[in-house]
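Peer 1: My file is model17.pdb. It has PDB, C-alpha atoms:
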```pdb
ATOM      1  CA  MET A  30     101.513 108.063 103.088  1.00  0.00           C
ATOM      2  CA  ARG A  31     102.722 108.679 106.647  1.00  0.00           C
ATOM      3  CA  TRP A  32     105.808 110.599 105.447  1.00  0.00           C
ATOM      4  CA  GLY A  33     103.588 112.955 103.502  1.00  0.00           C
ATOM      5  CA  VAL A  34     101.483 113.716 106.547  1.00  0.00           C
ATOM      6  CA  LEU A  35     104.605 114.190 108.677  1.00  0.00           C
ATOM      7  CA  THR A  36     106.079 116.511 106.066  1.00  0.00           C
ATOM      8  CA  ALA A  37     102.837 118.475 105.977  1.00  0.00           C
ATOM      9  CA  TRP A  38     102.884 118.854 109.774  1.00  0.00           C
ATOM     10  CA  VAL A  39     106.449 120.123 109.737  1.00  0.00           C
ATOM     11  CA  ILE A  40     105.672 122.642 107.015  1.00  0.00           C
ATOM     12  CA  ILE A  41     102.524 123.850 108.742  1.00  0.00           C
ATOM     13  CA  ILE A  42     104.218 124.257 112.105  1.00  0.00           C
ATOM     14  CA  ALA A  43     107.106 126.142 110.517  1.00  0.00           C
ATOM     15  CA  LEU A  44     104.706 128.383 108.635  1.00  0.00           C
ATOM     16  CA  ALA A  45     102.681 128.981 111.769  1.00  0.00           C
ATOM     17  CA  LEU A  46     105.754 130.005 113.703  1.00  0.00           C
ATOM     18  CA  ALA A  47     106.954 132.225 110.880  1.00  0.00           C
ATOM     19  CA  SER A  48     103.578 133.868 110.363  1.00  0.00           C
ATOM     20  CA  GLY A  49     103.171 134.300 114.128  1.00  0.00           C
ATOM     21  CA  SER A  50     106.396 136.271 114.400  1.00  0.00           C
ATOM     22  CA  ALA A  51     105.558 138.215 111.256  1.00  0.00           C
ATOM     23  CA  LEU A  52     102.175 139.079 112.714  1.00  0.00           C
ATOM     24  CA  ALA A  53     103.744 140.234 115.940  1.00  0.00           C
ATOM     25  CA  SER A  54     106.085 142.585 114.139  1.00  0.00           C
ATOM     26  CA  ALA A  55     103.944 143.807 111.262  1.00  0.00           C
ATOM     27  CA  GLN A  56     100.392 143.173 112.530  1.00  0.00           C
ATOM     28  CA  THR A  57      99.386 142.287 108.952  1.00  0.00           C
ATOM     29  CA  VAL A  58      99.893 139.302 106.711  1.00  0.00           C
ATOM     30  CA  GLN A  59     100.713 140.044 103.107  1.00  0.00           C
ATOM     31  CA  LYS A  60      99.116 137.612 100.717  1.00  0.00           C
ATOM     32  CA  ASP A  61     101.285 136.644  97.765  1.00  0.00           C
ATOM     33  CA  GLU A  62      98.960 134.686  95.540  1.00  0.00           C
ATOM     34  CA  SER A  63     101.302 134.645  92.537  1.00  0.00           C
ATOM     35  CA  LEU A  64     102.438 131.058  93.140  1.00  0.00           C
ATOM     36  CA  ARG A  65      99.033 129.504  93.745  1.00  0.00           C
ATOM     37  CA  MET A  66      98.394 126.201  92.047  1.00  0.00           C
ATOM     38  CA  GLY A  67      94.645 126.673  91.808  1.00  0.00           C
ATOM     39  CA  GLU A  68      92.905 124.919  94.695  1.00  0.00           C
ATOM     40  CA  LYS A  69      89.530 126.653  94.962  1.00  0.00           C
ATOM     41  CA  ARG A  70      87.706 124.399  97.432  1.00  0.00           C
ATOM     42  CA  PRO A  71      87.446 125.592 101.049  1.00  0.00           C
ATOM     43  CA  THR A  72      89.273 123.773 103.821  1.00  0.00           C
ATOM     44  CA  LEU A  73      87.319 121.670 106.280  1.00  0.00           C
ATOM     45  CA  ASP A  74      86.091 123.265 109.483  1.00  0.00           C
ATOM     46  CA  PRO A  75      88.784 122.668 112.143  1.00  0.00           C
ATOM     47  CA  ASN A  76      86.086 121.990 114.754  1.00  0.00           C
ATOM     48  CA  ILE A  77      85.328 118.685 113.048  1.00  0.00           C
ATOM     49  CA  PHE A  78      88.569 117.452 114.613  1.00  0.00           C
ATOM     50  CA  SER A  79      87.839 118.552 118.183  1.00  0.00           C
ATOM     51  CA  ASP A  80      88.965 115.149 119.499  1.00  0.00           C
ATOM     52  CA  ASN A  81      92.544 115.746 118.274  1.00  0.00           C
ATOM     53  CA  ALA A  82      94.129 119.111 119.129  1.00  0.00           C
ATOM     54  CA  LYS A  83      97.063 118.761 116.719  1.00  0.00           C
ATOM     55  CA  ILE A  84      94.900 117.959 113.722  1.00  0.00           C
ATOM     56  CA  LYS A  85      92.449 120.706 114.666  1.00  0.00           C
ATOM     57  CA  LYS A  86      95.321 123.227 114.860  1.00  0.00           C
ATOM     58  CA  ALA A  87      96.663 122.116 111.465  1.00  0.00           C
ATOM     59  CA  TYR A  88      93.273 122.609 109.829  1.00  0.00           C
ATOM     60  CA  GLN A  89      92.910 125.977 111.561  1.00  0.00           C
ATOM     61  CA  ILE A  90      96.256 127.121 110.171  1.00  0.00           C
ATOM     62  CA  ALA A  91      95.310 125.836 106.708  1.00  0.00           C
ATOM     63  CA  LYS A  92      92.129 127.897 106.928  1.00  0.00           C
ATOM     64  CA  GLU A  93      94.086 131.015 107.949  1.00  0.00           C
ATOM     65  CA  ILE A  94      96.837 130.843 105.280  1.00  0.00           C
ATOM     66  CA  PRO A  95      95.424 128.950 102.287  1.00  0.00           C
ATOM     67  CA  TRP A  96      97.469 130.961  99.769  1.00  0.00           C
ATOM     68  CA  VAL A  97     100.670 129.680 101.396  1.00  0.00           C
ATOM     69  CA  LEU A  98      99.665 126.013 101.372  1.00  0.00           C
ATOM     70  CA  ASP A  99      98.363 126.337  97.813  1.00  0.00           C
ATOM     71  CA  SER A 100     101.834 127.375  96.699  1.00  0.00           C
ATOM     72  CA  ILE A 101     103.522 124.288  98.216  1.00  0.00           C
ATOM     73  CA  TYR A 102     103.838 120.944  96.490  1.00  0.00           C
ATOM     74  CA  CYS A 103     102.313 118.065  98.442  1.00  0.00           C
ATOM     75  CA  PHE A 104     105.004 115.476  99.101  1.00  0.00           C
ATOM     76  CA  CYS A 105     102.656 112.582  99.827  1.00  0.00           C
ATOM     77  CA  TYR A 106     102.278 112.279  96.044  1.00  0.00           C
ATOM     78  CA  CYS A 107      98.524 112.680  96.136  1.00  0.00           C
ATOM     79  CA  LYS A 108      98.858 115.007  93.139  1.00  0.00           C
ATOM     80  CA  GLU A 109      99.995 112.071  91.021  1.00  0.00           C
ATOM     81  CA  SER A 110      97.350 109.712  92.419  1.00  0.00           C
ATOM     82  CA  PRO A 111      94.312 109.187  90.202  1.00  0.00           C
ATOM     83  CA  ALA A 112      92.239 108.807  93.382  1.00  0.00           C
ATOM     84  CA  PHE A 113      93.142 112.214  94.873  1.00  0.00           C
ATOM     85  CA  LYS A 114      94.226 114.511  91.995  1.00  0.00           C
ATOM     86  CA  HIS A 115      95.393 117.189  94.423  1.00  0.00           C
ATOM     87  CA  LYS A 116      96.639 120.514  93.102  1.00  0.00           C
ATOM     88  CA  SER A 117      98.821 121.438  96.095  1.00  0.00           C
ATOM     89  CA  LEU A 118      99.314 120.883  99.815  1.00  0.00           C
ATOM     90  CA  LEU A 119      96.116 122.882 100.397  1.00  0.00           C
ATOM     91  CA  SER A 120      94.146 120.121  98.669  1.00  0.00           C
ATOM     92  CA  CYS A 121      94.964 117.806 101.575  1.00  0.00           C
ATOM     93  CA  TYR A 122      92.937 120.114 103.837  1.00  0.00           C
ATOM     94  CA  VAL A 123      89.726 120.306 101.786  1.00  0.00           C
ATOM     95  CA  ASP A 124      88.932 116.771 102.950  1.00  0.00           C
ATOM     96  CA  ASN A 125      90.178 114.554 105.775  1.00  0.00           C
ATOM     97  CA  HIS A 126      93.323 113.486 103.888  1.00  0.00           C
ATOM     98  CA  ALA A 127      95.642 115.569 106.082  1.00  0.00           C
ATOM     99  CA  ALA A 128      94.134 113.978 109.196  1.00  0.00           C
ATOM    100  CA  MET A 129      95.000 110.423 108.129  1.00  0.00           C
TER     101      MET A 129
END
```
Can the structure from this file be put into structure tokens for me?
Peer 2:
Amino acid sequence: MRWGVLTAWVIIIALALASGSALASAQTVQKDESLRMGEKRPTLDPNIFSDNAKIKKAYQIAKEIPWVLDSIYCFCYCKESPAFKHKSLLSCYVDNHAAM
């Protein structure tokens, strides 16, 4: 389970850096929702994690670019788990799973 969370952090940080530079140059983010896997639930409020800045930042990024995370497979295998039944990496951010 720890590798999945680590992988998610790496992906989120990379996406944040990429979207930050794209925002600086274009001032707009283009949403490509064609690859979405169907997560409809909203992400948790990042302020819930005010005691941990890294987790709070990850949830904030997930809230800002849900269409990106919903197009990425979650490598912690929670999609295959009967307990989680996640649709994509975005599913990890609709509950506290990404914070574990």
Peer 1: Could you tell me how far CA of Trp96 (chain A) lies from CA of Gly67 (chain A), in Å and to one decimal?
Peer 2: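 Separating CA of Trp96 (chain A) from CA of Gly67 (chain A) is a distance of 9.5 Å.
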Peer 1: Since I can't run it myself right now, could you work out what the PyMOL selection byres ((chain A and resi 82-87) around 10) selects here and report it as a list in words?
Peer 2: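 That expression, the PyMOL selection byres ((chain A and resi 82-87) around 10), corresponds here to Ala37, Trp38, Ile41, Ile42, Ala45, Leu73, Asp74, Pro75, Asn76, Ile77, Phe78, Ser79, Asp80, Asn81, Tyr88, Gln89, Ile90, Ala91, Lys92, Glu93, Tyr122, Asn125, Ala127, Ala128 and Met129 of chain A.
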Peer 1: Please write as a list in words the full residue list that the PyMOL selection byres ((chain A and resi 118) around 10) yields on this file.
Peer 2: Gly33, Ala37, Ile40, Ile41, Met66, Glu68, Ala91, Pro95, Val97, Leu98, Asp99, Ser100, Ile101, Tyr102, Cys103, Phe104, Cys105, Tyr106, Cys107, Lys108, His115, Lys116, Ser117, Leu119, Ser120, Cys121, Tyr122, Val123 and Ala127 of chain A
